[in-house]
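**Q** protein.cif (mmCIF, C-alpha atoms) pasted underneath:
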```cif
data_run
loop_
_atom_site.label_atom_id
_atom_site.label_comp_id
_atom_site.auth_asym_id
_atom_site.auth_seq_id
_atom_site.Cartn_x
_atom_site.Cartn_y
_atom_site.Cartn_z
CA MET A 1 10.82 -23.24 -14.74
CA GLN A 2 12.74 -21.86 -11.84
CA LEU A 3 10.68 -19.56 -9.60
CA ILE A 4 11.35 -17.47 -6.54
CA PHE A 5 8.40 -16.42 -4.44
CA LEU A 6 9.15 -13.34 -2.40
CA ASN A 7 6.58 -13.01 0.34
CA ALA A 8 6.59 -9.28 1.14
CA SER A 9 3.87 -9.43 3.77
CA PRO A 10 4.85 -7.59 6.96
CA ARG A 11 3.36 -10.63 8.75
CA GLY A 12 5.84 -12.98 7.07
CA LYS A 13 4.95 -16.67 7.32
CA ASN A 14 1.88 -15.89 9.38
CA SER A 15 0.09 -14.04 6.59
CA ASN A 16 -2.97 -14.29 4.39
CA THR A 17 -0.58 -13.77 1.49
CA ASP A 18 1.26 -16.97 2.47
CA ILE A 19 -1.91 -19.02 2.83
CA MET A 20 -3.27 -17.93 -0.54
CA MET A 21 -0.02 -18.18 -2.49
CA GLY A 22 0.55 -21.60 -0.94
CA HIS A 23 -2.19 -22.93 -3.20
CA PHE A 24 -0.73 -21.30 -6.29
CA LEU A 25 2.74 -22.63 -5.52
CA LYS A 26 1.46 -26.15 -4.89
CA GLY A 27 -0.10 -26.09 -8.35
CA PHE A 28 3.13 -24.73 -9.82
CA LEU A 29 5.16 -27.58 -8.32
CA GLU A 30 2.95 -30.28 -9.82
CA ASN A 31 5.15 -30.02 -12.89
CA GLU A 32 8.25 -31.92 -11.79
CA GLU A 33 10.54 -29.85 -13.96
CA ASN A 34 9.77 -26.77 -11.89
CA SER A 35 11.70 -25.57 -8.88
CA LEU A 36 10.76 -23.10 -6.20
CA GLU A 37 12.49 -21.09 -3.52
CA THR A 38 10.60 -18.87 -1.08
CA PHE A 39 12.01 -15.77 0.62
CA TYR A 40 10.39 -13.70 3.34
CA LEU A 41 11.05 -9.97 3.13
CA VAL A 42 10.68 -9.57 6.91
CA LYS A 43 13.80 -11.71 7.37
CA TYR A 44 15.88 -9.40 5.15
CA ARG A 45 14.90 -5.97 6.47
CA LYS A 46 18.53 -5.17 7.24
CA ASN A 47 19.92 -6.97 4.18
CA LEU A 48 17.86 -5.76 1.26
CA GLU A 49 20.83 -5.78 -1.08
CA GLU A 50 21.57 -9.40 -0.22
CA LEU A 51 17.94 -10.26 -0.95
CA ALA A 52 18.08 -8.37 -4.25
CA ARG A 53 21.13 -10.42 -5.30
CA GLU A 54 19.35 -13.65 -4.35
CA VAL A 55 16.26 -12.97 -6.45
CA LEU A 56 18.25 -11.54 -9.34
CA LYS A 57 19.49 -15.03 -10.23
CA SER A 58 16.04 -16.49 -10.73
CA GLU A 59 14.28 -17.05 -14.04
CA ALA A 60 10.96 -15.85 -12.62
CA LEU A 61 10.03 -13.90 -9.51
CA ILE A 62 6.59 -13.47 -7.97
CA ILE A 63 6.27 -10.87 -5.25
CA GLY A 64 3.28 -11.30 -2.94
CA PHE A 65 1.96 -8.55 -0.71
CA PRO A 66 -1.14 -7.25 1.07
CA LEU A 67 -2.54 -3.96 -0.18
CA TYR A 68 -1.44 -1.20 2.23
CA ALA A 69 -3.06 2.21 1.84
CA ASP A 70 -3.93 1.30 -1.75
CA SER A 71 -0.39 0.46 -2.78
CA VAL A 72 2.62 -1.67 -1.93
CA PRO A 73 3.59 -1.72 1.77
CA GLY A 74 6.35 0.78 2.63
CA SER A 75 8.72 -2.09 3.43
CA LEU A 76 8.21 -3.57 -0.05
CA LYS A 77 8.74 -0.14 -1.65
CA GLU A 78 12.02 0.00 0.27
CA PHE A 79 13.08 -3.31 -1.28
CA LEU A 80 12.03 -2.24 -4.78
CA GLU A 81 14.15 0.90 -4.47
CA VAL A 82 17.17 -1.28 -3.63
CA PHE A 83 16.33 -3.80 -6.38
CA ALA A 84 16.20 -0.94 -8.90
CA ARG A 85 19.94 -0.36 -8.35
CA PHE A 86 20.49 -3.62 -10.24
CA LYS A 87 18.46 -2.68 -13.29
CA GLU A 88 21.51 -2.69 -15.56
CA GLU A 89 22.41 -6.29 -14.65
CA GLU A 90 22.26 -8.65 -17.61
CA THR A 91 20.35 -11.47 -15.95
CA LYS A 92 17.17 -10.42 -14.25
CA PRO A 93 14.03 -12.37 -13.50
CA ALA A 94 10.70 -11.86 -15.21
CA VAL A 95 8.53 -10.38 -12.44
CA GLY A 96 4.91 -11.03 -11.52
CA TYR A 97 2.87 -10.12 -8.47
CA PHE A 98 0.25 -11.46 -6.14
CA SER A 99 -1.76 -9.03 -4.07
CA GLN A 100 -4.77 -9.39 -1.82
CA CYS A 101 -6.76 -6.89 0.19
CA GLY A 102 -9.19 -7.06 3.07
CA PHE A 103 -11.93 -5.35 1.11
CA PRO A 104 -14.19 -7.94 -0.49
CA GLU A 105 -14.05 -6.42 -3.99
CA THR A 106 -10.99 -7.02 -6.15
CA HIS A 107 -11.60 -3.64 -7.80
CA HIS A 108 -9.53 -2.02 -5.01
CA LEU A 109 -6.42 -3.74 -6.40
CA ARG A 110 -6.74 -2.61 -10.01
CA PHE A 111 -5.00 0.71 -9.42
CA VAL A 112 -1.85 -0.80 -7.92
CA GLU A 113 -1.98 -3.44 -10.67
CA ARG A 114 -1.56 -0.76 -13.30
CA TYR A 115 1.29 0.70 -11.25
CA LEU A 116 3.05 -2.67 -10.94
CA GLU A 117 3.11 -3.19 -14.69
CA LYS A 118 4.61 0.24 -15.35
CA MET A 119 7.04 0.01 -12.44
CA THR A 120 8.33 -3.39 -13.59
CA GLY A 121 9.40 -1.70 -16.83
CA LYS A 122 11.37 0.83 -14.78
CA LEU A 123 13.23 -2.12 -13.22
CA ASN A 124 14.09 -3.27 -16.78
CA CYS A 125 12.28 -6.54 -16.09
CA THR A 126 9.71 -8.43 -18.13
CA TYR A 127 6.24 -8.23 -16.58
CA LEU A 128 4.54 -11.58 -16.00
CA GLY A 129 1.21 -10.18 -14.79
CA SER A 130 -0.56 -9.80 -11.47
CA ILE A 131 -2.76 -12.18 -9.51
CA MET A 132 -5.31 -10.03 -7.67
CA LYS A 133 -7.84 -11.10 -5.07
CA GLY A 134 -10.10 -9.19 -2.68
CA GLY A 135 -11.40 -10.69 0.56
CA GLY A 136 -7.96 -11.79 1.79
CA GLU A 137 -8.63 -10.82 5.42
CA GLY A 138 -10.94 -12.77 7.73
CA GLN A 139 -10.79 -15.95 5.66
CA HIS A 140 -12.01 -17.95 8.68
CA ILE A 141 -15.39 -16.16 8.77
CA GLN A 142 -16.08 -16.51 5.06
CA PRO A 143 -18.36 -19.30 3.81
CA ALA A 144 -16.28 -22.45 3.25
CA PRO A 145 -17.35 -22.95 -0.40
CA PHE A 146 -16.21 -19.40 -1.16
CA MET A 147 -12.68 -19.94 0.18
CA GLU A 148 -12.52 -23.39 -1.43
CA LYS A 149 -13.24 -21.83 -4.80
CA THR A 150 -10.56 -19.19 -4.22
CA PHE A 151 -7.98 -21.83 -3.30
CA TYR A 152 -9.03 -24.04 -6.22
CA LEU A 153 -8.55 -21.18 -8.71
CA LEU A 154 -5.22 -20.17 -7.17
CA HIS A 155 -4.07 -23.78 -7.49
CA LYS A 156 -5.29 -23.93 -11.08
CA SER A 157 -3.55 -20.66 -11.89
CA GLY A 158 -0.29 -21.96 -10.39
CA LYS A 159 -0.54 -25.24 -12.23
CA ASP A 160 -1.18 -23.48 -15.51
CA PHE A 161 1.69 -21.08 -14.86
CA GLY A 162 3.94 -24.07 -14.13
CA THR A 163 3.12 -25.52 -17.53
CA THR A 164 2.91 -22.49 -19.80
CA GLY A 165 5.10 -19.93 -18.01
CA THR A 166 2.36 -17.35 -18.34
CA LEU A 167 -0.53 -16.26 -16.11
CA ASN A 168 -3.82 -17.30 -17.68
CA PHE A 169 -6.10 -14.27 -17.92
CA ASP A 170 -9.36 -16.26 -17.80
CA ILE A 171 -8.39 -17.99 -14.55
CA LEU A 172 -7.30 -14.68 -13.01
CA GLN A 173 -10.57 -13.08 -14.01
CA LYS A 174 -12.59 -15.87 -12.39
CA LEU A 175 -10.42 -15.69 -9.27
CA ALA A 176 -10.99 -11.94 -9.02
CA ARG A 177 -14.74 -12.32 -8.59
CA PRO A 178 -16.41 -10.36 -7.14
CA GLU A 179 -14.76 -7.52 -9.00
CA THR A 180 -17.36 -5.12 -7.57
CA LEU A 181 -20.45 -5.53 -5.37
CA SER A 182 -24.01 -4.28 -5.67
CA HIS A 183 -25.50 -2.04 -3.02
CA ASP A 184 -27.56 -4.96 -1.70
CA GLN A 185 -24.54 -7.26 -1.52
CA ILE A 186 -22.58 -4.58 0.37
CA LYS A 187 -25.47 -4.12 2.79
CA GLY A 188 -25.39 -7.84 3.48
CA ILE A 189 -21.65 -8.19 3.95
CA ILE A 190 -20.74 -5.15 6.04
CA PRO A 191 -22.63 -5.87 9.30
CA TYR A 192 -21.42 -9.47 9.19
CA VAL A 193 -17.74 -8.52 8.84
CA ASN A 194 -17.97 -5.75 11.43
CA GLU A 195 -19.51 -8.05 14.00
CA LYS A 196 -17.90 -11.42 13.30
CA LEU A 197 -14.43 -10.19 12.48
CA TRP A 198 -13.63 -6.80 13.98
CA ASP A 199 -15.86 -6.77 17.06
CA LYS A 200 -14.89 -10.35 17.83
CA TRP A 201 -11.20 -9.45 17.72
CA LEU A 202 -11.84 -6.29 19.78
CA GLU A 203 -13.70 -8.38 22.33
CA GLU A 204 -10.93 -10.99 22.52
CA ASN A 205 -8.55 -8.16 23.37
CA GLY A 206 -10.89 -6.65 25.96
CA ALA A 207 -11.11 -3.52 23.80
CA LEU A 208 -14.66 -3.63 22.42
CA ASP A 209 -15.79 -0.73 24.64
CA LYS A 210 -12.81 1.31 23.40
CA SER A 211 -13.46 0.53 19.74
CA PHE A 212 -14.35 4.12 18.84
CA ASP A 213 -11.72 5.82 21.02
CA ALA A 214 -10.32 8.92 19.38
CA PRO A 215 -7.13 9.44 21.41
CA TYR A 216 -5.64 12.26 19.35
CA LYS A 217 -8.51 14.75 19.51
CA MET B 1 -5.27 27.22 8.59
CA LYS B 2 -2.96 24.70 10.16
CA TYR B 3 -0.75 22.94 7.60
CA LEU B 4 1.37 19.87 8.27
CA ILE B 5 3.95 19.31 5.55
CA LEU B 6 5.43 15.82 5.56
CA ASN B 7 8.72 15.87 3.69
CA GLY B 8 9.35 12.38 2.32
CA ASN B 9 12.60 13.25 0.54
CA PRO B 10 15.04 10.50 1.58
CA ASN B 11 18.05 12.20 0.04
CA ASP B 12 20.07 14.71 2.10
CA GLU B 13 21.69 16.00 -1.06
CA ASN B 14 18.45 16.82 -2.87
CA HIS B 15 18.41 20.44 -1.68
CA HIS B 16 16.16 21.55 -4.50
CA PHE B 17 13.24 19.54 -3.16
CA ASP B 18 13.73 20.61 0.46
CA ASP B 19 14.12 24.26 -0.59
CA PHE B 20 10.89 24.12 -2.58
CA LEU B 21 9.02 22.99 0.53
CA VAL B 22 10.68 25.61 2.72
CA ASN B 23 9.61 28.33 0.28
CA PHE B 24 6.11 26.89 0.11
CA SER B 25 5.86 26.75 3.89
CA GLU B 26 7.19 30.31 4.32
CA GLU B 27 4.69 31.57 1.79
CA LEU B 28 1.86 29.90 3.71
CA ASN B 29 2.99 31.51 6.94
CA LYS B 30 3.34 34.93 5.28
CA ARG B 31 -0.30 34.64 4.34
CA GLY B 32 -1.32 34.15 7.95
CA ASN B 33 -1.32 30.37 8.16
CA ASN B 34 0.44 28.10 10.59
CA SER B 35 2.62 25.71 8.64
CA LYS B 36 5.15 23.16 9.84
CA ILE B 37 7.51 20.85 7.96
CA VAL B 38 8.32 17.42 9.37
CA THR B 39 11.41 16.00 7.67
CA LEU B 40 10.76 12.29 7.81
CA ARG B 41 14.31 11.13 7.09
CA SER B 42 15.49 12.58 10.38
CA ARG B 43 12.72 10.84 12.33
CA LYS B 44 12.50 7.33 13.68
CA ILE B 45 9.75 5.52 11.77
CA ALA B 46 9.48 1.74 11.83
CA SER B 47 7.55 -0.23 9.22
CA CYS B 48 4.00 -1.30 10.01
CA THR B 49 4.03 -4.96 11.09
CA GLY B 50 0.39 -5.60 10.15
CA CYS B 51 -0.49 -6.58 13.73
CA PHE B 52 -3.80 -4.60 13.65
CA LYS B 53 -3.38 -3.73 17.35
CA CYS B 54 -4.12 -0.07 16.49
CA TRP B 55 -7.60 -1.29 15.54
CA ILE B 56 -8.30 -4.19 17.92
CA LYS B 57 -6.21 -3.74 21.08
CA THR B 58 -5.35 -0.07 21.62
CA PRO B 59 -7.93 1.49 19.28
CA GLY B 60 -6.61 4.65 17.66
CA GLU B 61 -2.98 4.25 18.62
CA CYS B 62 -0.13 2.20 17.16
CA VAL B 63 1.70 0.01 19.68
CA ILE B 64 5.12 0.93 18.26
CA ALA B 65 6.41 3.87 20.31
CA ASP B 66 8.36 5.88 17.75
CA ASP B 67 7.92 9.17 15.87
CA ALA B 68 5.16 7.84 13.60
CA ARG B 69 2.80 8.01 16.58
CA GLU B 70 3.40 11.72 17.08
CA ILE B 71 3.07 12.29 13.33
CA ALA B 72 -0.32 10.52 13.33
CA ARG B 73 -1.41 12.85 16.15
CA GLU B 74 -0.28 15.94 14.24
CA TYR B 75 -1.86 14.58 11.06
CA ILE B 76 -5.34 14.31 12.52
CA ASN B 77 -5.08 17.74 14.16
CA ALA B 78 -4.05 19.59 10.99
CA ASP B 79 -6.49 21.36 8.66
CA MET B 80 -4.47 20.26 5.66
CA VAL B 81 -1.69 17.72 5.29
CA ILE B 82 0.81 18.13 2.46
CA LEU B 83 2.33 14.79 1.47
CA SER B 84 5.50 15.58 -0.39
CA SER B 85 8.06 13.29 -1.94
CA PRO B 86 10.23 12.92 -4.98
CA LEU B 87 8.74 10.24 -7.22
CA ILE B 88 10.89 7.11 -6.98
CA LEU B 89 9.92 4.31 -9.38
CA GLY B 90 6.81 6.35 -10.12
CA TYR B 91 5.50 6.55 -6.56
CA PHE B 92 6.10 8.07 -3.12
CA SER B 93 9.46 7.29 -1.53
CA ALA B 94 9.50 4.24 0.74
CA LEU B 95 10.12 6.72 3.56
CA MET B 96 6.82 8.50 2.89
CA LYS B 97 4.93 5.25 2.34
CA LYS B 98 6.20 3.77 5.61
CA THR B 99 4.93 6.85 7.41
CA LEU B 100 1.52 6.65 5.72
CA ASP B 101 1.20 2.94 6.51
CA ARG B 102 1.53 3.93 10.16
CA SER B 103 -1.33 6.42 9.93
CA ILE B 104 -4.13 3.83 9.69
CA PRO B 105 -4.97 4.16 13.42
CA VAL B 106 -6.81 7.39 12.49
CA ILE B 107 -9.50 5.37 10.72
CA HIS B 108 -11.72 2.62 12.14
CA PRO B 109 -11.60 -1.08 11.18
CA HIS B 110 -15.35 -1.23 10.62
CA LEU B 111 -16.47 -1.16 7.02
CA GLU B 112 -19.10 1.04 5.45
CA GLU B 113 -20.35 1.82 1.97
CA VAL B 114 -18.77 4.85 0.31
CA ASP B 115 -19.65 5.67 -3.30
CA GLY B 116 -20.83 2.12 -3.97
CA GLU B 117 -17.67 0.52 -2.60
CA VAL B 118 -16.57 -0.95 0.71
CA HIS B 119 -14.27 1.34 2.70
CA HIS B 120 -13.29 1.92 6.32
CA ARG B 121 -15.39 3.90 8.71
CA LYS B 122 -14.22 7.18 10.26
CA ARG B 123 -12.77 7.23 13.76
CA TYR B 124 -12.78 11.02 14.02
CA ASP B 125 -15.54 13.50 13.17
CA SER B 126 -13.29 15.43 10.86
CA TYR B 127 -10.16 14.75 8.84
CA PRO B 128 -7.59 17.08 7.33
CA SER B 129 -7.79 17.69 3.62
CA ALA B 130 -4.72 16.63 1.65
CA GLY B 131 -2.40 18.07 -0.93
CA ILE B 132 0.45 16.29 -2.68
CA ILE B 133 3.72 17.78 -3.90
CA LEU B 134 5.94 15.60 -6.06
CA GLU B 135 9.22 15.86 -7.90
CA LYS B 136 9.38 14.21 -11.30
CA GLU B 137 11.99 11.61 -12.20
CA ALA B 138 14.01 11.82 -15.41
CA ASP B 139 11.67 9.30 -17.07
CA THR B 140 8.32 10.52 -15.66
CA ASP B 141 5.72 10.60 -18.44
CA GLU B 142 2.00 11.36 -18.66
CA GLU B 143 1.10 7.76 -17.91
CA ASP B 144 3.20 7.79 -14.72
CA ILE B 145 1.45 10.97 -13.62
CA ASP B 146 -1.93 9.40 -14.28
CA ILE B 147 -1.07 6.16 -12.45
CA ALA B 148 0.28 8.04 -9.42
CA LYS B 149 -2.80 10.28 -9.37
CA ASP B 150 -5.06 7.20 -9.23
CA LEU B 151 -3.08 5.67 -6.37
CA PHE B 152 -3.19 8.89 -4.36
CA GLU B 153 -6.90 9.44 -4.98
CA ARG B 154 -7.65 5.89 -3.87
CA MET B 155 -5.52 6.27 -0.75
CA CYS B 156 -7.24 9.53 0.19
CA LEU B 157 -10.65 7.92 -0.34
CA ASN B 158 -9.70 5.18 2.10
CA MET B 159 -8.18 7.64 4.57
CA ARG B 160 -11.45 9.60 4.40
CA THR B 161 -9.49 12.63 3.27
CA ASP B 162 -10.44 15.15 0.63
CA LEU B 163 -7.56 15.37 -1.89
CA LYS B 164 -7.39 19.02 -2.96
CA PHE B 165 -4.44 19.07 -5.34
CA ILE B 166 -1.43 17.26 -6.77
CA ALA B 167 1.42 19.57 -7.76
CA TYR B 168 4.94 19.13 -9.09
CA THR B 169 8.13 20.95 -8.17
CA ASP B 170 8.68 21.97 -11.80
CA GLN B 171 5.70 24.29 -11.38
CA SER B 172 6.23 27.77 -9.99
CA LEU B 173 5.48 28.39 -6.34
CA GLU B 174 2.63 30.65 -7.42
CA GLU B 175 1.09 27.87 -9.52
CA VAL B 176 1.29 25.44 -6.61
CA LEU B 177 -0.28 27.97 -4.22
CA ASN B 178 -3.07 28.50 -6.74
CA ALA B 179 -3.58 24.75 -7.14
CA ALA B 180 -3.83 24.53 -3.36
CA ASP B 181 -6.36 27.37 -3.45
CA ILE B 182 -4.22 29.46 -1.09
CA SER B 183 -4.76 33.15 -1.70
#
```
Write the structure described by the file as structure tokens, please.
**A**
Amino acid sequence: MQLIFLNASPRGKNSNTDIMMGHFLKGFLENEENSLETFYLVKYRKNLEELAREVLKSEALIIGFPLYADSVPGSLKEFLEVFARFKEEETKPAVGYFSQCGFPETHHLRFVERYLEKMTGKLNCTYLGSIMKGGGEGQHIQPAPFMEKTFYLLHKSGKDFGTTGTLNFDILQKLARPETLSHDQIKGIIPYVNEKLWDKWLEENGALDKSFDAPYK
Amino acid sequence: MKYLILNGNPNDENHHFDDFLVNFSEELNKRGNNSKIVTLRSRKIASCTGCFKCWIKTPGECVIADDAREIAREYINADMVILSSPLILGYFSALMKKTLDRSIPVIHPHLEEVDGEVHHRKRYDSYPSAGIILEKEADTDEEDIDIAKDLFERMCLNMRTDLKFIAYTDQSLEEVLNAADIS
């Protein structure tokens, strides 16, 4: 199968989306008959039509993005609006998605997932499915076995996709865990993330004492 | 009440949408409110780069010095923000979404539990409530309306904003004012 991965993270190559999808794509390429090309949306900001023409030629397209305000980032929406101009073209890729969010629960991504499926129909494209995973931010502070499992399942999902051409629901469901968290789990996670991730970054920037600044009021 | 109406219509030639908002805004002012329309397509608004500096380096303010900064300031100082856009592919215009992506400095990076889920903590004591005005596309169906409603409710939950209404421009002005609970 011929696949294009469009990384639509505003952080481009330096993104959690890239790290995570890297494992999926490695699995995909284990089938020697498969081929892959990767595009970064940030490099095409001024040439969205050119990018649309590039991805149009592919058999399959996976668009990866971080959840922004509970939906696709504005810059990806901009691309989709340009891509939609080509909806009457005869050859169009089947389209799937990868999305991750900083929140630990994958549940946050289920709303945009439903949107993506419906929107893909508006593009006149076949929908391949969506790979959804919470906990995409702060990977370096998460327990190693947890990230290893995530990468293992992404790899497995990619390998399976590279063989069957479809996204295996059971693998995606396992990958998505935890779908939600209990009150006790939340109580355990929140102080850890606030201190080890956000306060650490604030401190590194000499801004910890300004953390709660409210400059507009 | 102080209303900030963000007009996310990207199309200069879609007068119907702009006119609907002008009428809505005038009606608010007639009833003793202070309402202002910001037409986003005539403003300079860059895309969020995901640098997080608004959370970890200059807390509360985006480092990109363009109009989105001023809009974030007006946003937090309004009593109610009206997010308005024609539906395009079943969602806000990219123009509106780019503006909203740049409004995350008004919340705090810290997490807290809200309704049994992990969300971001407030930066300010109070937030504007929100209303949404949309224009349907030719193919908009009940499912689209339901999907969009979910996305907007989730966004407002994360922005710590109380979503008061979602209205459509095929409704009468009176219906929209009623939905917004504006007497």
**Q** Which residues fall under the PyMOL selection byres ((chain B) within 9 of (chain A)) in this file, as a VMD selection string?
**A** chain B and resid 47 to 51 55 to 61 72 to 74 76 to 77 88 to 101 104 106 108 to 113 116 to 119 123 to 124 139 143 to 144 147 to 148 150 to 152 154 to 156 158 to 159
**Q** Using the chain letters and numbering of this document, enumerate as a list in words the residues selected by the PyMOL selection byres ((chain A and resi 96) around 6).
**A**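 Written out, the selection comes to Ile62, Val95, Tyr97, Tyr127, Leu128, Gly129 and Ser130 of chain A.
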**Q** Identify which of the residues A:Cys101, A:Ala176, A:Leu61, A:Leu6 lies closest to Glu137 in chain A, counting all atoms listed in the file when measuring atom-to-atom distances.
**A**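 So, comparing all the options, the nearest one is A:Cys101.
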**Q** I'd like the residues picked by the PyMOL selection byres ((chain B and resi 35) around 12) written out as a list in words, using the chain letters and numbers from the file.
**A**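 With the PyMOL selection byres ((chain B and resi 35) around 12) on this model, the match is Met1, Lys2, Tyr3, Leu4, Ile5, Leu6, Leu21, Val22, Asn23, Phe24, Ser25, Glu26, Glu27, Leu28, Asn29, Lys30, Arg31, Gly32, Asn33, Asn34, Lys36, Ile37, Val38, Glu74, Ala78, Asp79, Met80, Val81 and Ile82 of chain B.
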**Q** Enter the distance from CA of Asp184 in chain A to CA of Ile19 in chain A, in Å, rounded to one decimal.
**A**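 CA of Asp184 in chain A sits 29.6 Å away from CA of Ile19 in chain A.
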**Q** Compare B:Ser103, B:Ser172, B:Glu153, B:Ile182 by their minimum atom-to-atom distance to Ala130 in chain B, counting only C-alpha atoms, and give me the closest one.
**A** B:Glu153
**Q** Using only C-alpha atoms, which of A:Phe5, A:Phe83, A:Phe151, A:Phe28 sits nearest Leu167 in chain A?
**A**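 Comparing A:Phe5, A:Phe83, A:Phe151, A:Phe28 against Leu167 in chain A, the winner is A:Phe28.
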**Q** Please report, as JSON, the centre and edge lengths in Å to one decimal of an axis-aligned box covering all listed atoms of range 5-17 of chain A with 5 Å per side.
**A**
```
{"center_x": 3.1, "center_y": -12.1, "center_z": 2.5, "size_x": 22.1, "size_y": 19.1, "size_z": 23.8}
```
**Q** Please measure the separation of CA of Gln139 in chain A and CA of Lys122 in chain B, giving the value in Å to one decimal.
**A**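 CA of Gln139 in chain A sits 23.8 Å away from CA of Lys122 in chain B.
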**Q** If I take CA of Asn9 in chain B and CA of Lys92 in chain A, how far is one from the other in Å, to one decimal?
**A**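 Between CA of Asn9 in chain B and CA of Lys92 in chain A the gap is 28.3 Å.
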**Q** Could you name the residues that touch Phe98 in chain A at 7 Å or less, counting all atoms listed in the file, but leaving out those on the same chain fewer than 2 positions away, as number ranges by chain?
**A** A: 62-65, 100, 130-132
**Q** Please produce range 102-113 of chain B, completed to N, CA and C atoms, as a short mmCIF file (atom, residue, chain, number, x, y, z; two decimals), in the coordinates of the input.
**A**
```
data_model
loop_
_atom_site.label_atom_id
_atom_site.label_comp_id
_atom_site.auth_asym_id
_atom_site.auth_seq_id
_atom_site.Cartn_x
_atom_site.Cartn_y
_atom_site.Cartn_z
N ARG B 102 1.68 3.83 8.71
CA ARG B 102 1.53 3.93 10.16
C ARG B 102 0.42 4.90 10.57
N SER B 103 -0.27 5.46 9.59
CA SER B 103 -1.33 6.42 9.93
C SER B 103 -2.72 5.77 9.94
N ILE B 104 -2.80 4.45 9.70
CA ILE B 104 -4.13 3.83 9.69
C ILE B 104 -4.88 3.86 11.02
N PRO B 105 -4.19 4.05 12.18
CA PRO B 105 -4.97 4.16 13.42
C PRO B 105 -6.01 5.29 13.39
N VAL B 106 -5.85 6.27 12.50
CA VAL B 106 -6.81 7.39 12.49
C VAL B 106 -8.15 7.01 11.84
N ILE B 107 -8.19 5.85 11.20
CA ILE B 107 -9.50 5.37 10.72
C ILE B 107 -9.91 4.14 11.53
N HIS B 108 -11.14 3.70 11.35
CA HIS B 108 -11.72 2.62 12.14
C HIS B 108 -11.75 1.33 11.32
N PRO B 109 -11.58 0.17 11.97
CA PRO B 109 -11.60 -1.08 11.18
C PRO B 109 -12.96 -1.39 10.55
N HIS B 110 -14.03 -0.93 11.18
CA HIS B 110 -15.35 -1.23 10.62
C HIS B 110 -15.47 -0.76 9.18
N LEU B 111 -16.26 -1.50 8.42
CA LEU B 111 -16.47 -1.16 7.02
C LEU B 111 -17.77 -0.40 6.85
N GLU B 112 -17.83 0.42 5.83
CA GLU B 112 -19.10 1.04 5.45
C GLU B 112 -19.09 1.31 3.95
N GLU B 113 -20.26 1.58 3.41
CA GLU B 113 -20.35 1.82 1.97
C GLU B 113 -20.05 3.28 1.67
#
```
